[in-house]
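Peer 1: Got a file for you: input.pdb, PDB, C-alpha atoms.
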```
ATOM      1  CA  MET F 226     117.343 179.658  74.980
ATOM      2  CA  GLY F 227     120.259 180.485  77.247
ATOM      3  CA  ALA F 228     121.816 178.441  79.976
ATOM      4  CA  GLY F 229     124.883 178.899  82.121
ATOM      5  CA  HIS F 230     126.863 176.224  83.863
ATOM      6  CA  ASP F 231     129.526 176.762  86.491
ATOM      7  CA  HIS F 232     131.824 173.980  87.556
ATOM      8  CA  GLY F 233     134.774 174.324  89.894
ATOM      9  CA  GLY F 234     135.112 178.098  89.896
ATOM     10  CA  PRO F 235     137.579 180.142  91.886
ATOM     11  CA  ARG F 236     138.638 178.048  94.828
ATOM     12  CA  PRO F 237     138.035 180.090  97.946
ATOM     13  CA  ALA F 238     138.554 177.171 100.279
ATOM     14  CA  ALA F 239     141.814 175.888  98.869
ATOM     15  CA  GLY F 240     143.089 179.321  97.889
ATOM     16  CA  THR F 241     145.272 180.311  94.957
ATOM     17  CA  ALA F 242     148.241 178.305  93.694
ATOM     18  CA  SER F 243     150.621 180.530  95.668
ATOM     19  CA  SER F 244     148.936 180.006  99.033
ATOM     20  CA  ALA F 245     150.436 176.527  99.469
ATOM     21  CA  TYR F 246     153.903 178.111  99.534
ATOM     22  CA  ARG F 247     153.238 180.851 102.081
ATOM     23  CA  ALA F 248     155.319 179.202 104.835
ATOM     24  CA  ARG F 249     158.253 178.587 102.475
ATOM     25  CA  LEU F 250     158.179 182.209 101.349
ATOM     26  CA  ARG F 251     158.367 183.309 104.987
ATOM     27  CA  VAL F 252     161.428 181.133 105.601
ATOM     28  CA  ALA F 253     163.064 182.442 102.417
ATOM     29  CA  LEU F 254     162.360 186.016 103.546
ATOM     30  CA  GLY F 255     164.029 185.365 106.921
ATOM     31  CA  ILE F 256     167.102 183.892 105.201
ATOM     32  CA  THR F 257     167.280 186.828 102.781
ATOM     33  CA  LEU F 258     167.177 189.446 105.537
ATOM     34  CA  THR F 259     169.967 187.648 107.415
ATOM     35  CA  VAL F 260     172.201 187.521 104.356
ATOM     36  CA  LEU F 261     171.390 191.143 103.494
ATOM     37  CA  VAL F 262     172.795 192.387 106.790
ATOM     38  CA  ALA F 263     175.851 190.142 106.499
ATOM     39  CA  GLN F 264     176.656 191.261 102.952
ATOM     40  CA  ILE F 265     176.330 194.963 103.747
ATOM     41  CA  VAL F 266     178.809 194.522 106.602
ATOM     42  CA  GLY F 267     181.114 192.406 104.437
ATOM     43  CA  GLY F 268     180.949 194.772 101.477
ATOM     44  CA  LEU F 269     181.894 197.764 103.616
ATOM     45  CA  LEU F 270     184.716 195.925 105.361
ATOM     46  CA  ALA F 271     186.143 194.499 102.111
ATOM     47  CA  ASP F 272     185.354 197.576  99.986
ATOM     48  CA  SER F 273     183.807 195.190  97.442
ATOM     49  CA  LEU F 274     181.355 196.668  94.924
ATOM     50  CA  ALA F 275     180.372 193.159  93.803
ATOM     51  CA  LEU F 276     179.441 192.252  97.385
ATOM     52  CA  LEU F 277     177.544 195.530  97.909
ATOM     53  CA  ALA F 278     175.803 195.026  94.558
ATOM     54  CA  ASP F 279     174.758 191.581  95.726
ATOM     55  CA  ALA F 280     173.530 193.112  98.990
ATOM     56  CA  GLY F 281     171.505 195.642  97.012
ATOM     57  CA  HIS F 282     169.921 192.810  95.103
ATOM     58  CA  MET F 283     169.254 191.022  98.392
ATOM     59  CA  ALA F 284     167.328 194.115  99.514
ATOM     60  CA  THR F 285     165.088 193.863  96.461
ATOM     61  CA  ASP F 286     164.758 190.115  97.145
ATOM     62  CA  ALA F 287     163.449 190.903 100.615
ATOM     63  CA  LEU F 288     161.035 193.481  99.243
ATOM     64  CA  GLY F 289     159.929 191.119  96.495
ATOM     65  CA  LEU F 290     159.338 188.245  98.911
ATOM     66  CA  GLY F 291     157.418 190.585 101.190
ATOM     67  CA  MET F 292     155.224 191.717  98.295
ATOM     68  CA  ALA F 293     154.611 188.103  97.283
ATOM     69  CA  LEU F 294     153.449 187.245 100.805
ATOM     70  CA  LEU F 295     151.245 190.339 100.989
ATOM     71  CA  ALA F 296     149.725 189.523  97.605
ATOM     72  CA  ILE F 297     148.903 185.974  98.748
ATOM     73  CA  HIS F 298     147.152 187.416 101.801
ATOM     74  CA  PHE F 299     144.928 189.671  99.713
ATOM     75  CA  ALA F 300     144.427 187.185  96.860
ATOM     76  CA  ASN F 301     142.966 184.594  99.222
ATOM     77  CA  ARG F 302     140.418 186.896 100.804
ATOM     78  CA  PRO F 303     136.845 185.873  99.909
ATOM     79  CA  ALA F 304     135.141 187.425  96.899
ATOM     80  CA  GLY F 305     132.360 189.915  97.479
ATOM     81  CA  GLY F 306     130.719 193.086  96.303
ATOM     82  CA  ARG F 307     131.913 194.259  92.910
ATOM     83  CA  ARG F 308     135.053 192.095  93.088
ATOM     84  CA  THR F 309     133.449 188.838  92.027
ATOM     85  CA  PHE F 310     136.815 187.072  91.788
ATOM     86  CA  GLY F 311     138.102 188.695  94.960
ATOM     87  CA  LEU F 312     141.631 190.121  94.829
ATOM     88  CA  ALA F 313     143.224 187.139  93.080
ATOM     89  CA  ARG F 314     144.952 189.414  90.568
ATOM     90  CA  ALA F 315     147.004 190.914  93.422
ATOM     91  CA  GLU F 316     149.470 188.064  92.885
ATOM     92  CA  ILE F 317     149.979 189.017  89.234
ATOM     93  CA  LEU F 318     150.475 192.656  90.200
ATOM     94  CA  ALA F 319     153.090 191.550  92.753
ATOM     95  CA  ALA F 320     154.902 189.548  90.058
ATOM     96  CA  LEU F 321     154.915 192.608  87.786
ATOM     97  CA  ALA F 322     156.165 194.819  90.640
ATOM     98  CA  ASN F 323     158.968 192.302  91.198
ATOM     99  CA  CYS F 324     159.940 192.748  87.549
ATOM    100  CA  LEU F 325     160.213 196.510  87.992
ATOM    101  CA  LEU F 326     162.358 195.996  91.092
ATOM    102  CA  LEU F 327     164.664 193.607  89.274
ATOM    103  CA  LEU F 328     165.077 195.949  86.317
ATOM    104  CA  GLY F 329     165.764 198.873  88.643
ATOM    105  CA  VAL F 330     168.430 197.101  90.650
ATOM    106  CA  GLY F 331     169.991 195.694  87.482
ATOM    107  CA  GLY F 332     170.320 199.187  86.019
ATOM    108  CA  TYR F 333     171.789 200.551  89.241
ATOM    109  CA  ILE F 334     174.364 197.772  89.465
ATOM    110  CA  LEU F 335     175.455 198.409  85.867
ATOM    111  CA  TYR F 336     175.814 202.128  86.596
ATOM    112  CA  GLU F 337     177.888 201.515  89.732
ATOM    113  CA  ALA F 338     180.116 199.020  87.917
ATOM    114  CA  ILE F 339     180.939 201.588  85.226
ATOM    115  CA  GLU F 340     181.684 204.138  87.961
ATOM    116  CA  ARG F 341     184.077 201.662  89.605
ATOM    117  CA  PHE F 342     185.958 201.228  86.318
ATOM    118  CA  MET F 343     186.437 204.993  86.223
ATOM    119  CA  THR F 344     187.362 205.208  89.911
ATOM    120  CA  PRO F 345     189.166 201.965  90.882
ATOM    121  CA  ALA F 346     189.274 200.793  94.505
ATOM    122  CA  GLU F 347     191.165 198.099  96.390
ATOM    123  CA  THR F 348     189.005 195.076  97.200
ATOM    124  CA  ASP F 349     189.778 192.617 100.009
ATOM    125  CA  GLY F 350     189.598 189.261  98.191
ATOM    126  CA  PRO F 351     189.489 186.811 101.145
ATOM    127  CA  LEU F 352     186.806 188.765 103.003
ATOM    128  CA  THR F 353     184.728 189.097  99.847
ATOM    129  CA  LEU F 354     185.096 185.359  99.239
ATOM    130  CA  ALA F 355     183.875 184.466 102.744
ATOM    131  CA  PHE F 356     180.767 186.660 102.604
ATOM    132  CA  GLY F 357     180.032 185.628  99.017
ATOM    133  CA  ALA F 358     180.119 181.950  99.985
ATOM    134  CA  PHE F 359     177.742 182.594 102.872
ATOM    135  CA  GLY F 360     175.341 184.392 100.528
ATOM    136  CA  LEU F 361     175.436 181.601  97.951
ATOM    137  CA  LEU F 362     174.708 178.907 100.549
ATOM    138  CA  ALA F 363     171.720 180.846 101.885
ATOM    139  CA  ASN F 364     170.397 181.454  98.359
ATOM    140  CA  LEU F 365     170.612 177.764  97.521
ATOM    141  CA  VAL F 366     168.478 176.955 100.573
ATOM    142  CA  SER F 367     165.866 179.537  99.511
ATOM    143  CA  LEU F 368     165.865 178.229  95.924
ATOM    144  CA  SER F 369     165.194 174.691  97.141
ATOM    145  CA  LEU F 370     162.201 175.992  99.114
ATOM    146  CA  LEU F 371     160.685 177.805  96.111
ATOM    147  CA  MET F 372     161.648 175.415  93.282
ATOM    148  CA  ARG F 373     158.321 173.615  93.058
ATOM    149  CA  GLY F 374     156.117 176.657  93.625
ATOM    150  CA  GLN F 375     157.701 178.679  90.801
ATOM    151  CA  LYS F 376     156.298 176.156  88.308
ATOM    152  CA  GLU F 377     152.749 176.715  89.550
ATOM    153  CA  SER F 378     152.518 180.429  90.335
ATOM    154  CA  LEU F 379     153.772 183.605  88.642
ATOM    155  CA  ASN F 380     153.825 185.257  92.044
ATOM    156  CA  VAL F 381     156.148 182.595  93.499
ATOM    157  CA  ARG F 382     158.155 182.599  90.255
ATOM    158  CA  GLY F 383     158.829 186.304  90.681
ATOM    159  CA  ALA F 384     160.218 185.629  94.154
ATOM    160  CA  PHE F 385     162.139 182.610  92.847
ATOM    161  CA  LEU F 386     163.780 184.664  90.082
ATOM    162  CA  GLU F 387     164.781 187.291  92.629
ATOM    163  CA  VAL F 388     166.619 184.637  94.652
ATOM    164  CA  LEU F 389     168.013 182.892  91.557
ATOM    165  CA  ALA F 390     169.509 186.116  90.207
ATOM    166  CA  ASP F 391     171.077 186.742  93.593
ATOM    167  CA  ALA F 392     172.500 183.206  93.717
ATOM    168  CA  LEU F 393     174.090 183.794  90.313
ATOM    169  CA  GLY F 394     175.362 187.103  91.657
ATOM    170  CA  SER F 395     176.961 185.303  94.597
ATOM    171  CA  VAL F 396     178.741 183.004  92.144
ATOM    172  CA  ALA F 397     180.049 186.086  90.303
ATOM    173  CA  VAL F 398     181.237 187.521  93.629
ATOM    174  CA  LEU F 399     183.119 184.302  94.429
ATOM    175  CA  VAL F 400     184.778 184.242  91.008
ATOM    176  CA  SER F 401     185.874 187.892  91.255
ATOM    177  CA  ALA F 402     187.215 187.373  94.795
ATOM    178  CA  GLY F 403     189.156 184.304  93.672
ATOM    179  CA  ILE F 404     190.728 186.193  90.753
ATOM    180  CA  ILE F 405     191.732 189.077  93.040
ATOM    181  CA  MET F 406     193.275 186.680  95.570
ATOM    182  CA  LEU F 407     195.233 184.757  92.911
ATOM    183  CA  THR F 408     196.279 187.574  90.585
ATOM    184  CA  GLY F 409     195.556 190.864  92.354
ATOM    185  CA  TRP F 410     193.628 192.025  89.277
ATOM    186  CA  GLN F 411     191.139 194.545  90.784
ATOM    187  CA  PRO F 412     188.928 195.043  87.662
ATOM    188  CA  ALA F 413     187.502 191.569  88.361
ATOM    189  CA  ASP F 414     185.239 193.160  90.990
ATOM    190  CA  PRO F 415     183.375 195.632  88.706
ATOM    191  CA  ILE F 416     183.320 193.025  85.921
ATOM    192  CA  ALA F 417     181.505 190.651  88.295
ATOM    193  CA  SER F 418     179.051 193.475  89.030
ATOM    194  CA  LEU F 419     178.401 193.891  85.305
ATOM    195  CA  VAL F 420     177.729 190.168  85.002
ATOM    196  CA  ILE F 421     175.239 190.332  87.897
ATOM    197  CA  GLY F 422     173.379 193.218  86.248
ATOM    198  CA  LEU F 423     173.257 191.558  82.831
ATOM    199  CA  MET F 424     172.014 188.240  84.242
ATOM    200  CA  ILE F 425     168.975 189.902  85.799
ATOM    201  CA  VAL F 426     167.413 191.385  82.649
ATOM    202  CA  PRO F 427     166.414 188.411  80.377
ATOM    203  CA  ARG F 428     164.588 186.408  83.067
ATOM    204  CA  THR F 429     162.882 189.546  84.299
ATOM    205  CA  LEU F 430     161.550 190.398  80.839
ATOM    206  CA  ARG F 431     160.159 186.873  80.416
ATOM    207  CA  LEU F 432     158.329 187.073  83.732
ATOM    208  CA  ALA F 433     156.995 190.547  82.851
ATOM    209  CA  ARG F 434     155.646 189.229  79.541
ATOM    210  CA  GLU F 435     153.818 186.380  81.296
ATOM    211  CA  ALA F 436     152.357 188.733  83.910
ATOM    212  CA  LEU F 437     151.187 191.160  81.219
ATOM    213  CA  ASP F 438     149.586 188.283  79.301
ATOM    214  CA  VAL F 439     147.468 187.524  82.368
ATOM    215  CA  LEU F 440     146.528 191.179  82.873
ATOM    216  CA  LEU F 441     145.622 191.492  79.171
ATOM    217  CA  GLU F 442     143.544 188.289  79.494
ATOM    218  CA  ALA F 443     145.454 186.304  76.888
ATOM    219  CA  ALA F 444     144.684 182.605  76.641
ATOM    220  CA  PRO F 445     146.901 180.434  78.906
ATOM    221  CA  LYS F 446     149.941 178.965  77.134
ATOM    222  CA  ASN F 447     148.859 175.398  77.913
ATOM    223  CA  VAL F 448     145.391 175.842  76.342
ATOM    224  CA  ASP F 449     145.096 175.541  72.542
ATOM    225  CA  LEU F 450     141.956 177.442  71.519
ATOM    226  CA  GLU F 451     141.581 175.517  68.261
ATOM    227  CA  GLN F 452     141.667 172.218  70.128
ATOM    228  CA  VAL F 453     139.130 173.526  72.651
ATOM    229  CA  ARG F 454     136.878 174.576  69.789
ATOM    230  CA  ALA F 455     137.225 171.191  68.091
ATOM    231  CA  HIS F 456     136.382 169.276  71.288
ATOM    232  CA  ILE F 457     133.270 171.361  71.944
ATOM    233  CA  LEU F 458     132.073 170.917  68.356
ATOM    234  CA  ASP F 459     132.548 167.147  68.692
ATOM    235  CA  VAL F 460     129.917 166.940  71.450
ATOM    236  CA  GLU F 461     126.736 165.366  70.074
ATOM    237  CA  GLY F 462     124.110 167.954  69.172
ATOM    238  CA  VAL F 463     126.492 170.940  69.036
ATOM    239  CA  GLU F 464     126.115 172.743  65.705
ATOM    240  CA  GLY F 465     128.273 175.808  66.246
ATOM    241  CA  LEU F 466     130.312 177.903  68.639
ATOM    242  CA  HIS F 467     131.041 181.606  69.049
ATOM    243  CA  ASP F 468     132.320 184.078  71.650
ATOM    244  CA  LEU F 469     134.861 181.570  72.947
ATOM    245  CA  HIS F 470     137.074 183.186  75.585
ATOM    246  CA  VAL F 471     139.772 181.602  77.759
ATOM    247  CA  TRP F 472     141.794 183.671  80.210
ATOM    248  CA  THR F 473     143.531 183.464  83.590
ATOM    249  CA  ILE F 474     142.431 185.214  86.772
ATOM    250  CA  THR F 475     145.674 184.296  88.537
ATOM    251  CA  SER F 476     148.100 181.385  88.383
ATOM    252  CA  GLY F 477     146.222 178.104  88.632
ATOM    253  CA  MET F 478     142.820 179.719  87.976
ATOM    254  CA  PRO F 479     141.981 179.501  84.235
ATOM    255  CA  VAL F 480     138.479 180.526  83.139
ATOM    256  CA  LEU F 481     136.474 179.731  79.993
ATOM    257  CA  SER F 482     133.205 181.044  78.584
ATOM    258  CA  ALA F 483     131.466 180.255  75.300
ATOM    259  CA  HIS F 484     128.165 180.484  73.450
ATOM    260  CA  VAL F 485     127.295 177.015  72.143
ATOM    261  CA  VAL F 486     124.756 176.558  69.355
ATOM    262  CA  VAL F 487     122.776 173.363  69.945
ATOM    263  CA  SER F 488     120.199 171.619  67.801
ATOM    264  CA  GLN F 489     116.684 172.275  69.100
ATOM    265  CA  GLN F 490     115.842 168.621  68.567
ATOM    266  CA  VAL F 491     118.755 167.542  70.769
ATOM    267  CA  LEU F 492     117.803 170.098  73.438
ATOM    268  CA  ASP F 493     114.251 168.745  73.496
ATOM    269  CA  SER F 494     115.298 165.095  73.594
ATOM    270  CA  ARG F 495     118.307 165.190  75.909
ATOM    271  CA  GLY F 496     117.829 168.359  77.947
ATOM    272  CA  GLN F 497     120.189 171.223  78.739
ATOM    273  CA  GLU F 498     121.710 169.678  81.859
ATOM    274  CA  ARG F 499     122.859 166.563  80.013
ATOM    275  CA  ILE F 500     124.588 168.598  77.284
ATOM    276  CA  LEU F 501     126.196 170.901  79.833
ATOM    277  CA  HIS F 502     127.620 167.954  81.739
ATOM    278  CA  GLU F 503     129.032 166.482  78.527
ATOM    279  CA  LEU F 504     130.671 169.793  77.624
ATOM    280  CA  GLN F 505     132.161 170.099  81.101
ATOM    281  CA  GLU F 506     133.413 166.518  81.151
ATOM    282  CA  CYS F 507     134.948 166.978  77.709
ATOM    283  CA  LEU F 508     136.920 170.079  78.701
ATOM    284  CA  GLY F 509     137.787 168.768  82.160
ATOM    285  CA  GLY F 510     139.204 165.585  80.663
ATOM    286  CA  HIS F 511     141.366 167.238  78.012
ATOM    287  CA  PHE F 512     142.275 170.726  79.244
ATOM    288  CA  ASP F 513     143.399 172.398  82.447
ATOM    289  CA  VAL F 514     140.290 174.596  82.717
ATOM    290  CA  GLU F 515     138.160 174.087  85.810
ATOM    291  CA  HIS F 516     135.870 177.130  85.700
ATOM    292  CA  CYS F 517     133.619 177.074  82.620
ATOM    293  CA  THR F 518     130.484 179.008  81.746
ATOM    294  CA  PHE F 519     128.419 177.950  78.716
ATOM    295  CA  GLN F 520     125.418 179.611  77.157
ATOM    296  CA  LEU F 521     123.372 177.110  75.164
ATOM    297  CA  GLU F 522     121.348 178.643  72.355
ATOM    298  CA  PRO F 523     119.399 177.517  69.295
ATOM    299  CA  ARG F 524     120.501 178.267  65.745
ATOM    300  CA  GLY F 525     119.981 181.935  64.781
ATOM    301  CA  HIS F 526     120.046 183.244  68.347
ATOM    302  CA  ALA F 527     123.371 185.045  67.812
ATOM    303  CA  GLU F 528     121.757 187.343  65.237
ATOM    304  CA  HIS F 529     119.623 188.880  68.005
ATOM    305  CA  GLU F 530     122.517 189.555  70.377
ATOM    306  CA  ALA F 531     123.979 193.018  70.801
ATOM    307  CA  ASN F 532     127.002 193.754  68.616
ATOM    308  CA  LEU F 533     129.159 194.235  71.717
ATOM    309  CA  CYS F 534     128.739 190.550  72.551
ATOM    310  CA  HIS F 535     130.590 189.430  69.432
TER
END
```
Render the structure in this file as structure tokens.
Peer 2:
Amino acid sequence: MGAGHDHGGPRPAAGTASSAYRARLRVALGITLTVLVAQIVGGLLADSLALLADAGHMATDALGLGMALLAIHFANRPAGGRRTFGLARAEILAALANCLLLLGVGGYILYEAIERFMTPAETDGPLTLAFGAFGLLANLVSLSLLMRGQKESLNVRGAFLEVLADALGSVAVLVSAGIIMLTGWQPADPIASLVIGLMIVPRTLRLAREALDVLLEAAPKNVDLEQVRAHILDVEGVEGLHDLHVWTITSGMPVLSAHVVVSQQVLDSRGQERILHELQECLGGHFDVEHCTFQLEPRGHAEHEANLCH
């Protein structure tokens, strides 16, 4: 006896977790483009590698924010045809693409900083300081817009990390400009560039690991499979459990499926629908999994299933 039960499911009406932050991403993109132009002008006028490095990172910020917005657009299109979950994974792909951008710009900044050590240049400290301060202020505004969303969506977190790395870069620019103004020590500029490059890598690798976990359909970090198994087995009439799978379609959309072995006597006396509701209520009350599919089956049914199902 098999039975499936679907509760919640992908939320086409409300959209993905990222969709609530679409307007904030647009504002952050506008701020980023403004600062990008300003820092390119300032970097050329001041001959500051740190400022140009920060501008280069701003360019990847703009591209990353644009990709995040594009991914939200596609991810919230209705499901249909062979894409039964729609294009929700587009957001995870955008987060992974953001990681590649961050790693690329970090490597380029490190390369340019080493080149500047070999070929020193005079940097205008006051001008660098002014443009760096403007960049930091703009980044802080963008960070405040994305702070909440980065906790709920990998896609928004990718954009948030882009802006955060650039804010840290602006701090490095300010420090290097201050040192040059006070001491005239020009190596402070390429050293600040090195710091910017090195700050980008660790956060980027963490985001990439989380995005790859989703693409490889690993269980969400906030769902303990052993606890899920124990709660299902505690439901009256449940005798066993196999083929338990929990994965994430995109941020905020966890999915669970399981084959549940139920006593035939309990099935006859209480009915499938009653047991399914109890299973759903149990998981809904203890775990952040809204979309569940259960197959109820009598003892011994698993022996007749194809080997690929196990």
Peer 1: Just give me the gap between atom CA of Glu337 of chain F and atom CA of Thr257 of chain F in Å, one decimal is fine.
Peer 2: 22.3 Å
Peer 1: Taking the file as shown, what set of residues would the PyMOL selection byres ((chain F and resi 300) around 8) give back, as an NGL selection string?
Peer 2: :F and (241 or 296-299 or 301-302 or 311-316)
Peer 1: Please enumerate the residues selected by the PyMOL selection byres ((chain F and resi 287) around 12) when evaluated against the supplied file, formatted as a PyMOL selection string.
Peer 2: chain F and resi 250-262+280-286+288-294+323+326-327+364+367+383-385+387-388+391
Peer 1: Residues within 10 Å of Gly403 of chain F, please, as a PyMOL selection string. Count only C-alpha atoms; anything in the same chain fewer than 6 positions from it doesn't count.
Peer 2: chain F and resi 350-351+353-354+397+409-410+413
Peer 1: Determine the nearest neighbour of Val480 of chain F from the options F:Arg499, F:Leu466, F:Glu461, F:His516, counting all atoms listed in the file.
Peer 2: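 Using all atoms listed in the file, the shortest distance to Val480 of chain F belongs to F:His516.
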Peer 1: Specify as an MDAnalysis selection string each residue included when the PyMOL selection byres ((chain F and resi 268-272) around 12) is applied to this file.
Peer 2: chainID F and resid 260:267 273:281 341 345:357 360 398 402 405 411 414:415
Peer 1: Write the selection just made, keeping C-alpha atoms, as a short mmCIF file (atom, residue, chain, number, x, y, z; two decimals), in the coordinates of the input?
Peer 2:
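As a result, out28.cif now contains:
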```
data_model
loop_
_atom_site.label_atom_id
_atom_site.label_comp_id
_atom_site.auth_asym_id
_atom_site.auth_seq_id
_atom_site.Cartn_x
_atom_site.Cartn_y
_atom_site.Cartn_z
CA VAL F 260 172.20 187.52 104.36
CA LEU F 261 171.39 191.14 103.49
CA VAL F 262 172.80 192.39 106.79
CA ALA F 263 175.85 190.14 106.50
CA GLN F 264 176.66 191.26 102.95
CA ILE F 265 176.33 194.96 103.75
CA VAL F 266 178.81 194.52 106.60
CA GLY F 267 181.11 192.41 104.44
CA SER F 273 183.81 195.19 97.44
CA LEU F 274 181.36 196.67 94.92
CA ALA F 275 180.37 193.16 93.80
CA LEU F 276 179.44 192.25 97.38
CA LEU F 277 177.54 195.53 97.91
CA ALA F 278 175.80 195.03 94.56
CA ASP F 279 174.76 191.58 95.73
CA ALA F 280 173.53 193.11 98.99
CA GLY F 281 171.50 195.64 97.01
CA ARG F 341 184.08 201.66 89.60
CA PRO F 345 189.17 201.96 90.88
CA ALA F 346 189.27 200.79 94.50
CA GLU F 347 191.16 198.10 96.39
CA THR F 348 189.00 195.08 97.20
CA ASP F 349 189.78 192.62 100.01
CA GLY F 350 189.60 189.26 98.19
CA PRO F 351 189.49 186.81 101.14
CA LEU F 352 186.81 188.76 103.00
CA THR F 353 184.73 189.10 99.85
CA LEU F 354 185.10 185.36 99.24
CA ALA F 355 183.88 184.47 102.74
CA PHE F 356 180.77 186.66 102.60
CA GLY F 357 180.03 185.63 99.02
CA GLY F 360 175.34 184.39 100.53
CA VAL F 398 181.24 187.52 93.63
CA ALA F 402 187.22 187.37 94.80
CA ILE F 405 191.73 189.08 93.04
CA GLN F 411 191.14 194.54 90.78
CA ASP F 414 185.24 193.16 90.99
CA PRO F 415 183.38 195.63 88.71
#
```
Peer 1: For Pro427 of chain F, please output as a list in words all residues within 12 Å (counting only C-alpha atoms; exclusion window: fewer than 5 positions along the same chain).
Peer 2: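 Counting only the stated atoms, we get Cys324, Leu327, Leu328, Gly331, Leu386, Ala390, Ile421, Gly422, Leu432, Ala433 and Arg434 of chain F.
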Peer 1: Hey, can you check how far atom CA of Ala248 of chain F sits from atom CA of Ser476 of chain F?
Peer 2: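 Atom-to-atom, atom CA of Ala248 of chain F to atom CA of Ser476 of chain F, that is 18.1 Å.
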Peer 1: Around (185.3, 198.5, 86.4) in the file's frame, which residues reach within 6 Å when counting all atoms listed in the file? Return as a list in words?
Peer 2: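 It turns out the residues near that spot are Ala338, Ile339, Arg341, Phe342, Pro412, Pro415 and Ile416 of chain F.
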Peer 1: Emit the selected residues as a PDB file, in the coordinates of the input, including C-alpha atoms.
Peer 2:
```pdb
ATOM      1  CA  ALA F 338     180.116 199.020  87.917  1.00  0.00           C
ATOM      2  CA  ILE F 339     180.939 201.588  85.226  1.00  0.00           C
ATOM      3  CA  ARG F 341     184.077 201.662  89.605  1.00  0.00           C
ATOM      4  CA  PHE F 342     185.958 201.228  86.318  1.00  0.00           C
ATOM      5  CA  PRO F 412     188.928 195.043  87.662  1.00  0.00           C
ATOM      6  CA  PRO F 415     183.375 195.632  88.706  1.00  0.00           C
ATOM      7  CA  ILE F 416     183.320 193.025  85.921  1.00  0.00           C
TER       8      ILE F 416
END
```
Peer 1: Between atom CA of Ile425 of chain F and atom CA of Val448 of chain F, measure the distance and give it in Å to one decimal.
Peer 2: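 The value is 29.0 Å.
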Peer 1: For segment 297-305 of chain F, what centre and edge lengths in Å (one decimal) does the axis-aligned box get once 4 Å is added on each side of all its listed atoms, as JSON?
Peer 2:
```
{"center_x": 140.6, "center_y": 187.3, "center_z": 99.3, "size_x": 24.5, "size_y": 13.3, "size_z": 12.9}
```
Peer 1: With distances taken over only C-alpha atoms, which residue among F:Val426, F:Val396, F:Val491, F:Ile474 lies nearest Phe359 of chain F?
Peer 2: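 Ranking F:Val426, F:Val396, F:Val491, F:Ile474 by distance to Phe359 of chain F, first place goes to F:Val396.
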Peer 1: Go through F:Val400, F:Leu430, F:Val463, F:Met406 and flag the residue nearest Ala358 of chain F, using only C-alpha atoms for the distances.
Peer 2: F:Val400
Peer 1: Just want the 8 Å neighbourhood of Ala483 of chain F, counted on all atoms listed in the file, with same-chain residues fewer than 5 positions away dropped. Output as a count of residues only.
Peer 2: 8
